[in-house]
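> Have a look at this one before I ask anything.
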Amino acid sequence: MAPPHARPLFVLYGASMTQFSFELGGWGAALADLYSRKADILLRGYSGWNTRRAIEALDTIFPKDASVQPALVVVFFGANDAAFPSPTGSGGQHVPIAEFQENLCHIAAHLQGLSEKTHVILTTAPPIHEESRCNWLSDRTNERAGQYAAACRAAAKQMGAGVIDLWTSIQKHPNWQTECLSDGMHLAPEGSKVMLKELLQVLKDAPWEPSLHHTSLPNDFPLPHIYDYVPPA
């Protein structure tokens with residue numbers, strides 16, 4: 001009996017930057033389009049979540065006894081963890097930076113333990129344009145975002161995971177403050193282009209076998225076929 005039809009499964013796990021990634025011009029939608037006949041892209045994005053909430057849901061979203069395990073999980077938390085602490089000192093989105101780094105390691109370890117072929121990429125939150133945020137809410141700074149980005153890079157190194165340093169790469173873009181960010185924090189279409197470019201570069205450079213870069217994966221049901229289009233005489 002022939003094996004069941006299956007393609008590599010990529011899961012995007014994160015907060016609003018992931019949830020919104022399937023909007024028009026979003027990096028998740030662009031990734032799904034690029035891999036349309038190569039891999040299944042599964043969105044698991046939850047606006048407002050921090051790494052504490054992400055850990056609470058790990059066993060539910062990524063059960064270790066699932067019949068199909070992901071080939072890749074792109075983890076994208078940090079923007080909410082880096083928010084200022086609640087005035088009351090309890091609740092809210094803020095997670096202290098040392099705990100944030102530990103939480104990312106915890107998440108990566110769980111995901112890497114799903115299967116021998118499950119790979120993990122940790123993504124730093126993008127930079128913060130404080131002037132744009134002040135027009136709405138002064139709850140984050142770019143300096144803090146940079147500190148949490150460094151913690152994310154350290155966690156990736158500790159766990160042997162891939163890493164996308166979006167905080168650094170976006171700030172190399174001219175006029176990143178208004179062209180790459182929609183509200184001083186979330187990704188605009190131009191910022192999503194940077195995210196997709198960085199993600200593809202990590203996939204290209206990773207020593208994983210088999211490679212998960214789109215140029216290395218075969219197309220589903222490749223051509224030619226007897227039922228292909230035949231132009232009229």
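Ordering of the structure tokens sets the chain letters (A, B, ...); residue numbers start at 1 within each chain; ligands are numbered from 1 in the order shown.
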Based on the backbone DSSP call, show me all residues of segment 31-226 of chain A assigned helix (DSSP H, G or I), as a ChimeraX atom specification.
/A:31-34,51-56,58-61,97-112,130-134,142-159,166-170,176-179,189-205
> Using only C-alpha atoms, which residues sit within 12 Å of Pro222 of chain A once same-chain residues fewer than 4 positions away are excluded, as a tab-separated table (two decimals) with N, CA and C atoms, in the first residue's frame?

```
chain	number	residue	atom	x	y	z
A	37	ARG	N	3.12	24.45	-3.18
A	37	ARG	CA	3.14	23.04	-3.60
A	37	ARG	C	4.32	22.30	-2.98
A	38	LYS	N	4.82	22.83	-1.87
A	38	LYS	CA	6.00	22.22	-1.25
A	38	LYS	C	5.82	21.87	0.22
A	217	LEU	N	13.07	21.79	-1.85
A	217	LEU	CA	11.94	20.89	-1.67
A	217	LEU	C	11.25	20.61	-3.01
A	218	PRO	N	10.86	19.38	-3.24
A	218	PRO	CA	10.18	19.06	-4.51
A	218	PRO	C	8.76	19.59	-4.54
A	226	ILE	N	-0.26	13.27	-18.16
A	226	ILE	CA	-1.09	13.06	-19.33
A	226	ILE	C	-2.27	14.05	-19.37
A	228	ASP	N	-2.16	17.20	-18.46
A	228	ASP	CA	-1.71	18.58	-18.54
A	228	ASP	C	-2.42	19.31	-19.68
```
> Could you give me, as a tab-separated table, a per-residue list for segment 26-106 of chain A showing, wherever an atom lies at most 12 Å from an atom of segment 162-182 of chain A, the closest pair of atoms and their distance in Å to one decimal, using only C-alpha atoms and sorting by chain then residue number from low to high?

```
residue	atom	partner	partner_atom	distance
A:Gly26	CA	A:Cys180	CA	11.5
A:Leu72	CA	A:Gly162	CA	10.4
A:Val73	CA	A:Gly162	CA	10.2
A:Val74	CA	A:Gly162	CA	9.1
A:Val75	CA	A:Val163	CA	9.3
A:Phe76	CA	A:Ile164	CA	9.3
A:Phe77	CA	A:Leu166	CA	11.6
A:Gly78	CA	A:Trp167	CA	10.7
A:Ala79	CA	A:Trp167	CA	10.4
A:Leu104	CA	A:Val163	CA	11.7
```
> How many Å lie between atom CA of Asn80 of chain A and atom CA of Ser16 of chain A, rounded to one decimal?
9.2 Å
> Return the single residue from A:Pro232, A:His214, A:Leu223, A:Phe20 that is closest to Leu34 of chain A, with distances computed using only C-alpha atoms.
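Between A:Pro232, A:His214, A:Leu223, A:Phe20, the residue approaching Leu34 of chain A most closely is A:His214.
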> If we count only C-alpha atoms and set the cut-off at 8 Å, which residues sit around Thr141 of chain A, ignoring sequence neighbours fewer than 6 positions away in its own chain? Please answer as a PyMOL selection string.
chain A and resi 128-130
> For Thr51 of chain A, which of A:Leu31, A:Ala82, A:Met159, A:Leu111 is the closest residue, counting only C-alpha atoms?
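The shortest atom-to-atom distance to Thr51 of chain A comes from A:Ala82.
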> Near His213 of chain A, within 10 Å and counting only C-alpha atoms, which residues show up once chain neighbours fewer than 3 positions away are dropped, as a list in words?
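Using only C-alpha atoms, the neighbours found are Tyr35, Lys38, Leu199, Leu200, Gln201, Val202, Leu203, Lys204, Asp205, Ala206, Trp208, Pro210, Ser216 and Leu217 of chain A.
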> Counting only C-alpha atoms, which residue out of A:Ala161, A:Leu196, A:Ala154, A:Val230 sits closest to Ala32 of chain A?
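Comparing A:Ala161, A:Leu196, A:Ala154, A:Val230 against Ala32 of chain A, the winner is A:Leu196.
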> As a PyMOL selection string, which residues of segment 71-177 of chain A does DSSP assign to strand (DSSP E)?
chain A and resi 72-76+119-123+162-164
> May I ask for the distance between atom CA of Asp220 of chain A and atom CA of Gly45 of chain A, given in Å to one decimal place?
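Going from atom CA of Asp220 of chain A over to atom CA of Gly45 of chain A covers 26.3 Å.
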> Which polymer residues have any atom within 8 Å of an atom of His94 of chain A, counting only C-alpha atoms, with same-chain residues fewer than 6 positions away left out, as number ranges by chain?
A: 50, 80-86
> Using only C-alpha atoms, which of A:Ala30, A:Ala39, A:Ala71, A:Ala156 sits nearest Glu209 of chain A?
A:Ala71
> Do you have the atom CA of Ile55 of chain A-atom CA of Lys117 of chain A distance handy?
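Answer for the atom CA of Ile55 of chain A to atom CA of Lys117 of chain A separation: 21.2 Å.
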> Hey, which of A:Ala155, A:Gln147, A:Pro189, A:Pro4 ends up closest to Thr123 of chain A? Count only C-alpha atoms.
A:Ala155
